[in-house]
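Asker: Pasting structure_20.pdb here (PDB, C-alpha atoms and all ligand atoms):
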ATOM      1  CA  MET A   1      27.835  -1.470 -11.795
ATOM      2  CA  LEU A   2      24.979   0.856 -12.773
ATOM      3  CA  ARG A   3      22.899   1.337  -9.636
ATOM      4  CA  LEU A   4      19.880   3.386  -8.486
ATOM      5  CA  ALA A   5      18.424   3.921  -5.015
ATOM      6  CA  VAL A   6      14.661   4.474  -4.990
ATOM      7  CA  ARG A   7      12.180   5.472  -2.263
ATOM      8  CA  ALA A   8       9.169   3.128  -2.104
ATOM      9  CA  PRO A   9       6.245   4.786  -0.268
ATOM     10  CA  ALA A  10       3.693   2.843   1.787
ATOM     11  CA  LYS A  11      -0.033   3.485   1.236
ATOM     12  CA  ILE A  12      -3.250   3.645   3.177
ATOM     13  CA  ASN A  13      -6.794   3.357   1.813
ATOM     14  CA  LEU A  14      -8.842   6.458   2.569
ATOM     15  CA  SER A  15     -11.955   4.504   1.513
ATOM     16  CA  LEU A  16     -12.529   0.982   0.212
ATOM     17  CA  ASP A  17     -15.679  -0.452  -1.377
ATOM     18  CA  VAL A  18     -16.148  -3.812  -3.109
ATOM     19  CA  VAL A  19     -18.547  -3.493  -6.022
ATOM     20  CA  GLY A  20     -18.413  -6.990  -7.529
ATOM     21  CA  ARG A  21     -16.443 -10.145  -8.093
ATOM     22  CA  ARG A  22     -14.735 -11.430 -11.253
ATOM     23  CA  ALA A  23     -15.009 -14.996 -12.502
ATOM     24  CA  ASP A  24     -11.378 -15.589 -11.423
ATOM     25  CA  GLY A  25     -12.236 -14.697  -7.814
ATOM     26  CA  TYR A  26     -10.649 -11.226  -7.804
ATOM     27  CA  HIS A  27     -12.851  -8.518  -6.345
ATOM     28  CA  LEU A  28     -13.828  -5.332  -8.160
ATOM     29  CA  LEU A  29     -12.926  -2.356  -6.014
ATOM     30  CA  SER A  30     -13.573   1.308  -5.701
ATOM     31  CA  THR A  31     -10.893   2.573  -3.342
ATOM     32  CA  VAL A  32      -8.996   5.792  -2.742
ATOM     33  CA  MET A  33      -5.347   4.979  -2.172
ATOM     34  CA  GLN A  34      -2.996   7.467  -0.580
ATOM     35  CA  SER A  35       0.835   7.446  -0.466
ATOM     36  CA  LEU A  36       2.618   8.009   2.840
ATOM     37  CA  GLU A  37       5.952   9.561   3.750
ATOM     38  CA  LEU A  38       6.833   6.173   5.331
ATOM     39  CA  THR A  39       9.070   4.456   2.765
ATOM     40  CA  ASP A  40      11.234   1.425   2.104
ATOM     41  CA  LEU A  41      14.538   2.010   0.329
ATOM     42  CA  VAL A  42      15.099  -0.147  -2.761
ATOM     43  CA  THR A  43      18.436  -0.234  -4.574
ATOM     44  CA  VAL A  44      18.633  -1.842  -7.999
ATOM     45  CA  GLY A  45      21.954  -2.543  -9.724
ATOM     46  CA  LEU A  46      22.700  -4.021 -13.145
ATOM     47  CA  ASN A  47      25.360  -6.631 -13.505
ATOM     48  CA  PRO A  48      25.705  -7.575 -17.198
ATOM     49  CA  ALA A  49      28.388 -10.147 -16.298
ATOM     50  CA  ASN A  50      26.066 -12.315 -14.170
ATOM     51  CA  ALA A  51      22.638 -13.582 -15.173
ATOM     52  CA  GLY A  52      19.906 -13.965 -12.570
ATOM     53  CA  ILE A  53      18.203 -11.876  -9.910
ATOM     54  CA  CYS A  54      19.935 -11.554  -6.561
ATOM     55  CA  LEU A  55      17.682 -10.203  -3.798
ATOM     56  CA  THR A  56      18.881  -9.167  -0.326
ATOM     57  CA  CYS A  57      16.968  -7.594   2.560
ATOM     58  CA  ASN A  58      17.617  -6.145   6.016
ATOM     59  CA  ARG A  59      14.641  -8.075   7.463
ATOM     60  CA  ARG A  60      14.617 -11.798   8.048
ATOM     61  CA  ASN A  61      11.513 -13.926   7.366
ATOM     62  CA  LEU A  62      10.908 -12.493   3.893
ATOM     63  CA  PRO A  63      11.315 -14.851   0.918
ATOM     64  CA  LEU A  64      14.185 -13.758  -1.356
ATOM     65  CA  ASP A  65      13.117 -15.762  -4.416
ATOM     66  CA  ASN A  66      10.256 -15.778  -6.926
ATOM     67  CA  ARG A  67       7.716 -15.528  -4.057
ATOM     68  CA  ASN A  68       8.896 -11.949  -3.416
ATOM     69  CA  THR A  69       7.034  -9.251  -5.390
ATOM     70  CA  ALA A  70      10.296  -7.327  -5.987
ATOM     71  CA  TRP A  71      11.819 -10.422  -7.583
ATOM     72  CA  LYS A  72       8.679 -11.010  -9.711
ATOM     73  CA  ALA A  73       8.705  -7.389 -10.903
ATOM     74  CA  ALA A  74      12.352  -7.651 -12.021
ATOM     75  CA  ARG A  75      11.736 -10.971 -13.806
ATOM     76  CA  LEU A  76       8.697  -9.599 -15.696
ATOM     77  CA  PHE A  77      10.540  -6.419 -16.728
ATOM     78  CA  LEU A  78      13.704  -8.220 -17.941
ATOM     79  CA  ASP A  79      11.632 -10.785 -19.877
ATOM     80  CA  ALA A  80       9.505  -7.999 -21.414
ATOM     81  CA  ILE A  81      12.555  -6.194 -22.828
ATOM     82  CA  GLY A  82      14.404  -9.435 -23.621
ATOM     83  CA  VAL A  83      17.670  -8.996 -21.719
ATOM     84  CA  THR A  84      19.525 -11.602 -19.689
ATOM     85  CA  ASP A  85      21.598  -9.216 -17.544
ATOM     86  CA  GLY A  86      21.889  -9.913 -13.841
ATOM     87  CA  VAL A  87      20.105  -7.634 -11.410
ATOM     88  CA  ALA A  88      20.996  -7.078  -7.752
ATOM     89  CA  ILE A  89      18.166  -5.751  -5.579
ATOM     90  CA  ASN A  90      18.499  -4.700  -1.950
ATOM     91  CA  LEU A  91      15.467  -3.908   0.191
ATOM     92  CA  THR A  92      15.785  -1.784   3.320
ATOM     93  CA  LYS A  93      12.380  -2.404   4.870
ATOM     94  CA  ASN A  94      10.709   0.160   7.104
ATOM     95  CA  ILE A  95       7.131  -0.665   6.080
ATOM     96  CA  PRO A  96       5.634  -3.465   8.212
ATOM     97  CA  ALA A  97       4.860  -6.645   6.207
ATOM     98  CA  ALA A  98       1.364  -8.209   5.805
ATOM     99  CA  ALA A  99       0.013  -4.986   7.295
ATOM    100  CA  GLY A 100      -2.334  -3.542   4.652
ATOM    101  CA  LEU A 101       0.266  -0.868   3.850
ATOM    102  CA  ALA A 102       1.343  -2.315   0.458
ATOM    103  CA  GLY A 103       4.951  -2.856   1.558
ATOM    104  CA  GLY A 104       5.555  -5.657  -0.962
ATOM    105  CA  SER A 105       3.728  -3.815  -3.742
ATOM    106  CA  ALA A 106       5.702  -0.621  -3.042
ATOM    107  CA  ASP A 107       8.992  -2.522  -3.395
ATOM    108  CA  ALA A 108       7.837  -4.125  -6.651
ATOM    109  CA  ALA A 109       6.803  -0.728  -8.031
ATOM    110  CA  ALA A 110      10.189   0.736  -7.034
ATOM    111  CA  VAL A 111      11.978  -2.090  -8.896
ATOM    112  CA  LEU A 112       9.926  -1.360 -12.053
ATOM    113  CA  TYR A 113      10.598   2.368 -11.645
ATOM    114  CA  ALA A 114      14.353   1.775 -11.295
ATOM    115  CA  LEU A 115      14.627  -0.707 -14.180
ATOM    116  CA  ASP A 116      12.663   1.652 -16.437
ATOM    117  CA  ARG A 117      15.369   4.287 -15.782
ATOM    118  CA  LEU A 118      18.294   1.872 -16.010
ATOM    119  CA  TYR A 119      16.961   0.680 -19.398
ATOM    120  CA  PRO A 120      15.543   3.936 -20.811
ATOM    121  CA  ASP A 121      13.048   3.946 -23.696
ATOM    122  CA  ARG A 122      12.706   0.164 -23.858
ATOM    123  CA  ILE A 123       9.085  -0.007 -22.755
ATOM    124  CA  THR A 124       6.103   2.372 -22.958
ATOM    125  CA  ARG A 125       4.497   3.860 -19.872
ATOM    126  CA  ASP A 126       1.321   1.834 -20.578
ATOM    127  CA  ALA A 127       3.326  -1.399 -20.861
ATOM    128  CA  LEU A 128       5.071  -0.607 -17.564
ATOM    129  CA  PHE A 129       1.711  -0.203 -15.797
ATOM    130  CA  THR A 130       0.481  -3.458 -17.392
ATOM    131  CA  LEU A 131       3.535  -5.251 -15.951
ATOM    132  CA  ALA A 132       2.787  -3.642 -12.579
ATOM    133  CA  ALA A 133      -0.772  -5.042 -12.616
ATOM    134  CA  ARG A 134       0.623  -8.511 -13.379
ATOM    135  CA  VAL A 135       2.769  -8.360 -10.229
ATOM    136  CA  GLY A 136      -0.177  -7.434  -7.984
ATOM    137  CA  ALA A 137      -3.385  -5.419  -7.768
ATOM    138  CA  ASP A 138      -1.834  -2.589  -5.683
ATOM    139  CA  VAL A 139       1.365  -2.256  -7.736
ATOM    140  CA  PRO A 140      -0.008   0.138 -10.430
ATOM    141  CA  PHE A 141      -1.063   2.567  -7.686
ATOM    142  CA  CYS A 142       2.330   2.223  -5.975
ATOM    143  CA  LEU A 143       4.055   3.044  -9.277
ATOM    144  CA  HIS A 144       1.889   6.167  -9.665
ATOM    145  CA  GLY A 145       1.661   7.403  -6.056
ATOM    146  CA  GLY A 146      -0.153  10.374  -4.557
ATOM    147  CA  THR A 147      -3.935  10.304  -4.089
ATOM    148  CA  VAL A 148      -5.720   8.081  -6.600
ATOM    149  CA  LEU A 149      -9.162   6.539  -7.086
ATOM    150  CA  CYS A 150      -8.430   2.896  -7.976
ATOM    151  CA  GLU A 151     -11.079   0.761  -9.671
ATOM    152  CA  GLY A 152     -11.207  -2.585 -11.475
ATOM    153  CA  ILE A 153      -9.132  -4.873  -9.259
ATOM    154  CA  GLY A 154      -7.067  -1.804  -8.418
ATOM    155  CA  GLU A 155      -5.415  -1.205 -11.793
ATOM    156  CA  LEU A 156      -7.735   1.505 -13.227
ATOM    157  CA  LEU A 157      -6.287   4.734 -11.855
ATOM    158  CA  THR A 158      -7.909   8.172 -11.677
ATOM    159  CA  PRO A 159      -5.506  10.658 -10.056
ATOM    160  CA  LEU A 160      -7.130  13.028  -7.537
ATOM    161  CA  PRO A 161      -6.002  16.435  -6.251
ATOM    162  CA  SER A 162      -3.172  16.236  -3.727
ATOM    163  CA  PHE A 163      -4.113  15.358  -0.148
ATOM    164  CA  ALA A 164      -0.491  15.573   1.053
ATOM    165  CA  GLY A 165       0.818  16.687   4.431
ATOM    166  CA  ILE A 166      -1.974  15.279   6.639
ATOM    167  CA  PRO A 167      -0.564  13.767   9.883
ATOM    168  CA  VAL A 168      -1.233  10.011  10.162
ATOM    169  CA  LEU A 169      -0.798   7.631  13.070
ATOM    170  CA  LEU A 170      -0.501   3.956  12.111
ATOM    171  CA  CYS A 171      -1.256   1.162  14.625
ATOM    172  CA  LYS A 172      -0.119  -2.269  13.513
ATOM    173  CA  PRO A 173      -0.940  -5.112  15.924
ATOM    174  CA  ASP A 174       1.616  -7.883  16.490
ATOM    175  CA  PHE A 175       0.132 -10.154  13.811
ATOM    176  CA  GLY A 176      -0.195  -9.974  10.031
ATOM    177  CA  LEU A 177      -3.266 -10.660   7.891
ATOM    178  CA  SER A 178      -3.271 -12.443   4.546
ATOM    179  CA  THR A 179      -5.076 -10.493   1.805
ATOM    180  CA  PRO A 180      -6.498 -13.689   0.169
ATOM    181  CA  TRP A 181      -7.845 -14.783   3.596
ATOM    182  CA  VAL A 182      -9.650 -11.494   4.131
ATOM    183  CA  PHE A 183     -11.161 -11.398   0.614
ATOM    184  CA  SER A 184     -12.209 -15.055   0.788
ATOM    185  CA  HIS A 185     -14.185 -14.380   3.991
ATOM    186  CA  LEU A 186     -15.960 -11.337   2.560
ATOM    187  CA  ASP A 187     -19.749 -11.732   2.288
ATOM    188  CA  LEU A 188     -20.825  -9.476  -0.584
ATOM    189  CA  LYS A 189     -24.391  -9.393   0.789
ATOM    190  CA  HIS A 190     -23.253  -8.170   4.201
ATOM    191  CA  LEU A 191     -20.556  -5.578   3.630
ATOM    192  CA  GLY A 192     -21.645  -3.410   6.564
ATOM    193  CA  ARG A 193     -21.077   0.313   6.268
ATOM    194  CA  ARG A 194     -20.009   1.304   2.735
ATOM    195  CA  PRO A 195     -18.275   4.490   1.627
ATOM    196  CA  ASP A 196     -20.218   7.136  -0.304
ATOM    197  CA  GLN A 197     -17.498   7.511  -2.931
ATOM    198  CA  PRO A 198     -18.696  10.760  -4.636
ATOM    199  CA  ALA A 199     -18.914  12.352  -1.165
ATOM    200  CA  VAL A 200     -15.459  10.936  -0.285
ATOM    201  CA  LEU A 201     -13.969  12.566  -3.402
ATOM    202  CA  GLU A 202     -15.640  15.885  -2.572
ATOM    203  CA  SER A 203     -14.382  15.836   1.049
ATOM    204  CA  LEU A 204     -10.855  15.122  -0.220
ATOM    205  CA  ARG A 205     -11.080  18.033  -2.656
ATOM    206  CA  GLN A 206     -12.060  20.262   0.290
ATOM    207  CA  ALA A 207      -9.428  18.576   2.555
ATOM    208  CA  ASP A 208     -12.289  18.334   5.083
ATOM    209  CA  LEU A 209     -11.419  15.540   7.551
ATOM    210  CA  ALA A 210     -14.717  15.746   9.449
ATOM    211  CA  ALA A 211     -16.693  15.417   6.220
ATOM    212  CA  LEU A 212     -14.463  12.525   5.094
ATOM    213  CA  ALA A 213     -15.014  10.758   8.428
ATOM    214  CA  SER A 214     -18.789  10.973   8.030
ATOM    215  CA  VAL A 215     -18.871   9.417   4.530
ATOM    216  CA  THR A 216     -15.952   6.986   4.292
ATOM    217  CA  ALA A 217     -15.643   3.306   5.216
ATOM    218  CA  ASN A 218     -13.615   0.199   4.440
ATOM    219  CA  VAL A 219     -15.891  -2.783   3.763
ATOM    220  CA  LEU A 220     -13.044  -5.211   4.554
ATOM    221  CA  GLU A 221     -13.535  -4.187   8.200
ATOM    222  CA  SER A 222     -16.652  -6.420   8.032
ATOM    223  CA  VAL A 223     -14.256  -9.403   7.975
ATOM    224  CA  SER A 224     -11.344  -8.247  10.141
ATOM    225  CA  LEU A 225     -13.037  -6.394  12.995
ATOM    226  CA  PRO A 226     -15.268  -9.288  14.162
ATOM    227  CA  ALA A 227     -12.364 -11.751  13.759
ATOM    228  CA  TYR A 228      -9.850  -9.541  15.599
ATOM    229  CA  PRO A 229     -11.594  -7.417  18.274
ATOM    230  CA  VAL A 230      -8.271  -5.712  19.075
ATOM    231  CA  LEU A 231      -8.703  -3.739  15.835
ATOM    232  CA  GLN A 232     -11.866  -2.065  17.154
ATOM    233  CA  ILE A 233     -10.024  -1.324  20.421
ATOM    234  CA  LEU A 234      -7.182   0.329  18.450
ATOM    235  CA  LYS A 235      -9.694   2.382  16.435
ATOM    236  CA  SER A 236     -11.413   3.512  19.640
ATOM    237  CA  GLU A 237      -8.049   4.433  21.212
ATOM    238  CA  LEU A 238      -7.138   6.477  18.131
ATOM    239  CA  ALA A 239     -10.491   8.286  18.243
ATOM    240  CA  ALA A 240     -10.187   8.932  21.988
ATOM    241  CA  ALA A 241      -6.673  10.296  21.354
ATOM    242  CA  GLY A 242      -8.109  12.904  18.983
ATOM    243  CA  ALA A 243      -8.060  11.346  15.502
ATOM    244  CA  SER A 244     -10.527  13.056  13.155
ATOM    245  CA  LEU A 245     -11.021   9.759  11.338
ATOM    246  CA  THR A 246     -10.022   6.138  11.996
ATOM    247  CA  LEU A 247     -10.102   3.295   9.477
ATOM    248  CA  MET A 248      -8.432  -0.013   8.720
ATOM    249  CA  SER A 249      -6.020   0.205   5.782
ATOM    250  CA  GLY A 250      -6.652  -2.210   2.907
ATOM    251  CA  SER A 251      -7.068  -5.776   4.154
ATOM    252  CA  GLY A 252      -5.452  -4.812   7.470
ATOM    253  CA  PRO A 253      -4.563  -5.342  10.144
ATOM    254  CA  THR A 254      -3.079  -1.820  10.378
ATOM    255  CA  VAL A 255      -5.591   0.792  11.512
ATOM    256  CA  PHE A 256      -4.813   4.460  11.102
ATOM    257  CA  GLY A 257      -5.973   7.815  12.382
ATOM    258  CA  LEU A 258      -5.840  11.107  10.491
ATOM    259  CA  PHE A 259      -5.194  14.262  12.528
ATOM    260  CA  SER A 260      -5.880  17.916  11.887
ATOM    261  CA  ASP A 261      -2.369  18.963  12.920
ATOM    262  CA  ALA A 262       1.058  17.571  13.776
ATOM    263  CA  ALA A 263       0.854  18.488  17.491
ATOM    264  CA  ALA A 264      -2.403  16.528  17.914
ATOM    265  CA  CYS A 265      -0.821  13.545  16.129
ATOM    266  CA  GLU A 266       2.281  13.653  18.340
ATOM    267  CA  ALA A 267       0.173  13.917  21.523
ATOM    268  CA  ALA A 268      -1.859  10.909  20.357
ATOM    269  CA  ARG A 269       1.320   8.927  19.597
ATOM    270  CA  LYS A 270       2.572   9.505  23.151
ATOM    271  CA  ARG A 271      -0.815   8.618  24.661
ATOM    272  CA  LEU A 272      -1.190   5.452  22.595
ATOM    273  CA  ALA A 273       2.335   4.203  23.285
ATOM    274  CA  SER A 274       1.338   3.295  26.870
ATOM    275  CA  ARG A 275      -2.231   2.159  26.078
ATOM    276  CA  VAL A 276      -1.981  -0.260  23.144
ATOM    277  CA  PRO A 277      -1.403  -4.020  23.634
ATOM    278  CA  ALA A 278       2.249  -5.113  23.863
ATOM    279  CA  GLY A 279       3.801  -5.673  20.452
ATOM    280  CA  THR A 280       1.634  -3.063  18.699
ATOM    281  CA  LEU A 281       3.672  -0.828  16.435
ATOM    282  CA  VAL A 282       2.678   2.847  16.619
ATOM    283  CA  LEU A 283       4.180   4.882  13.770
ATOM    284  CA  SER A 284       3.672   8.517  12.978
ATOM    285  CA  THR A 285       3.906   9.672   9.338
ATOM    286  CA  ARG A 286       2.115  11.994   6.899
ATOM    287  CA  THR A 287       0.272  11.650   3.627
ATOM    288  CA  SER A 288       2.472  12.299   0.589
ATOM    289  CA  ALA A 289       1.977  13.380  -3.024
ATOM    290  CA  SER A 290       4.887  11.225  -4.249
ATOM    291  CA  GLY A 291       5.244   7.774  -5.693
ATOM    292  CA  PRO A 292       8.661   6.157  -6.145
ATOM    293  CA  GLY A 293      11.542   8.623  -6.498
ATOM    294  CA  ILE A 294      15.311   8.484  -6.862
ATOM    295  CA  VAL A 295      17.286   9.076  -3.671
ATOM    296  CA  THR A 296      20.214  11.368  -4.415
TER     297      THR A 296
HETATM  298  O1  LIG B 301      -2.937  -8.976  -6.492
HETATM  299  P1  LIG B 301      -2.434  -9.394  -5.154
HETATM  300  O2  LIG B 301      -1.421 -10.487  -5.226
HETATM  301  O3  LIG B 301      -2.005  -8.260  -4.286
HETATM  302  O4  LIG B 301      -3.702  -9.982  -4.411
HETATM  303  C1  LIG B 301      -3.594 -10.959  -3.396
HETATM  304  C2  LIG B 301      -4.893 -11.698  -3.253
HETATM  305  O5  LIG B 301      -5.895 -10.811  -2.731
HETATM  306  C3  LIG B 301      -5.499 -12.235  -4.535
HETATM  307  O6  LIG B 301      -5.013 -13.520  -4.828
HETATM  308  C4  LIG B 301      -6.984 -12.283  -4.204
HETATM  309  O7  LIG B 301      -7.270 -13.411  -3.439
HETATM  310  C5  LIG B 301      -7.164 -11.086  -3.306
HETATM  311  N1  LIG B 301      -7.607  -9.867  -4.035
HETATM  312  C6  LIG B 301      -8.922  -9.808  -4.487
HETATM  313  N2  LIG B 301      -9.344  -8.712  -5.172
HETATM  314  C7  LIG B 301      -8.520  -7.662  -5.378
HETATM  315  C8  LIG B 301      -7.179  -7.698  -4.913
HETATM  316  C9  LIG B 301      -6.761  -8.829  -4.252
HETATM  317  O8  LIG B 301      -9.710 -10.751  -4.293
HETATM  318  N3  LIG B 301      -8.961  -6.593  -6.045
END
Represent the structure from my file as structure tokens, please.

Answerer:
Amino acid sequence: MLRLAVRAPAKINLSLDVVGRRADGYHLLSTVMQSLELTDLVTVGLNPANAGICLTCNRRNLPLDNRNTAWKAARLFLDAIGVTDGVAINLTKNIPAAAGLAGGSADAAAVLYALDRLYPDRITRDALFTLAARVGADVPFCLHGGTVLCEGIGELLTPLPSFAGIPVLLCKPDFGLSTPWVFSHLDLKHLGRRPDQPAVLESLRQADLAALASVTANVLESVSLPAYPVLQILKSELAAAGASLTLMSGSGPTVFGLFSDAAACEAARKRLASRVPAGTLVLSTRTSASGPGIVT
């Protein structure tokens, strides 16, 4: 059986603004997405003898049928190129689910990346990114990876200079948040603090964390922070532990801190381990310049 193993990086949002709303309810965004070294491992194998998509996963509680983004991505790709081969997908999940870290989108992007290599030259790069957008708003970014300004509903990508190698501490409380719930509670007239996107882009170009901290924001915090006060506590703990910048990622609930060096990040990880509420996941990683890639 032809088989590929692919790394599927998580993401954080270094800034997130909502600039409008489409007739279909989707929100128009201006957000800088950033890949992380934290990855899932996705293996994709072709089985021409058996039709159908067979999905397996090391984590229970995830749907293994057409509700899973990895399954949807495979279905869309196979239909687009008109083959009826069977596909076996295995997900080794390290990225927390419903966390604002694009775990499901990363897996879907990795499936598209793998199938595009297993069936070479069957689909253009543009068509592949169009399929990605049909799976979910974050999937085009996950297919691209690195540091990218994402606009539209997330599918219009402008790659930015690399912001790789910055130490990141992730704090994921012991509950998940549904993206539709967060967006549906957003009041476009009361977004709170908004990012100054041109200044965000300039601070990223300079890799200046202090400047980034003074100009960035995530407007979805206006929904999640009042509803879940523990998120503000986690942000304050990260700041007190030395983070140069703290923000919620995407629609949350994960909050993250960026650190000027690895030693400061490690010291903060140790300090937070004994101070955060029970069940909070504290993960240390770094920003990455890479999207999906083959594991050799
Ligand atoms: O595209 P995806 O399935 O990731 O989005 C999940 C939900 O999040 C959408 O159904 C929508 O309610 C909300 N969303 C939004 N605007 C975006 C992205 C997502 O309103 N740009």

Asker: Run through the PyMOL selection byres (((not hetatm)) within 7 of (chain B and resi 301)) on the given coordinates and return the selected residues as a list in words.

Answerer: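 When the PyMOL selection byres (((not hetatm)) within 7 of (chain B and resi 301)) is applied, the selected residues are Gly25, Tyr26, His27, Leu28, Leu29, Val135, Gly136, Ala137, Asp138, Ile153, Gly154, Thr179, Pro180, Phe183 and Ser184 of chain A.
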
Asker: For the structure provided, state which residues fall under the PyMOL selection byres (((chain A and resi 159-164) around 6) and not hetatm), and present them as a VMD selection string.

Answerer: chain A and resid 147 to 148 158 165 to 166 287 to 289

Asker: Please identify all polymer residues within 7 Å of A:Asn58, counting all atoms listed in the file, omitting same-chain residues fewer than 4 positions from it, and present them as a list in words.

Answerer: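 Skipping anything fewer than 4 positions along the chain leaves Leu91, Thr92 and Lys93 of chain A.
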
Asker: Rounded to one decimal, what separation in Å do you get between atom CA of A:Gln34 and atom CA of A:Thr246?

Answerer: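 Separating atom CA of A:Gln34 from atom CA of A:Thr246 is a distance of 14.5 Å.
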
Asker: For this structure, which residues satisfy the selection - the PyMOL selection byres (((chain A and resi 76-88) around 6) and not hetatm) - when it is evaluated on the file as given? I want them as a PyMOL selection string.

Answerer: chain A and resi 44-48+50-54+73-75+89

Asker: Write out as an NGL selection string each polymer residue whose atoms come within 12 Å of A:Asn61, counting all atoms listed in the file; drop sequence neighbours fewer than 4 positions from it.

Answerer: :A and (56-57 or 68 or 93 or 97-98)

Asker: Could you tell me, as a ChimeraX atom specification, which residues have any atom at most 6 Å from (-6.7, 13.1, 13.7), counting only C-alpha atoms?

Answerer: /A:242-245,257-260

Asker: If we count all atoms listed in the file and set the cut-off at 10 Å, which residues sit around stretch 103-105 of chain A, ignoring sequence neighbours fewer than 6 positions away in its own chain? Please answer as a list in words.

Answerer: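 Within the cut-off, the hits are Ala8, Pro9, Ala10, Lys11, Leu38, Thr39, Asp40, Leu62, Asn68, Thr69, Ala70, Ala73, Lys93, Asn94, Ile95, Pro96, Ala97, Val111, Ala132, Val135, Gly136, Ala137, Asp138, Val139, Pro140, Phe141, Cys142 and Leu143 of chain A.
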
Asker: Assuming 5 Å of padding per side, give the centre and edge lengths of the axis-aligned box around every listed atom of stretch 259-262 of chain A, in Å to one decimal and as lines of an AutoDock Vina configuration file.

Answerer:
center_x = -2.4
center_y = 16.6
center_z = 12.8
size_x = 16.9
size_y = 14.7
size_z = 11.9

Asker: Could you please determine the separation between atom CA of A:Gly279 and atom CA of A:Trp181 in Å, to one decimal place?

Answerer: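 So the two atoms, atom CA of A:Gly279 and atom CA of A:Trp181, lie 22.4 Å apart.
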
Asker: What is the atom CA of A:Ser274 to atom CA of A:Glu237 distance in Å?

Answerer: 11.0 Å
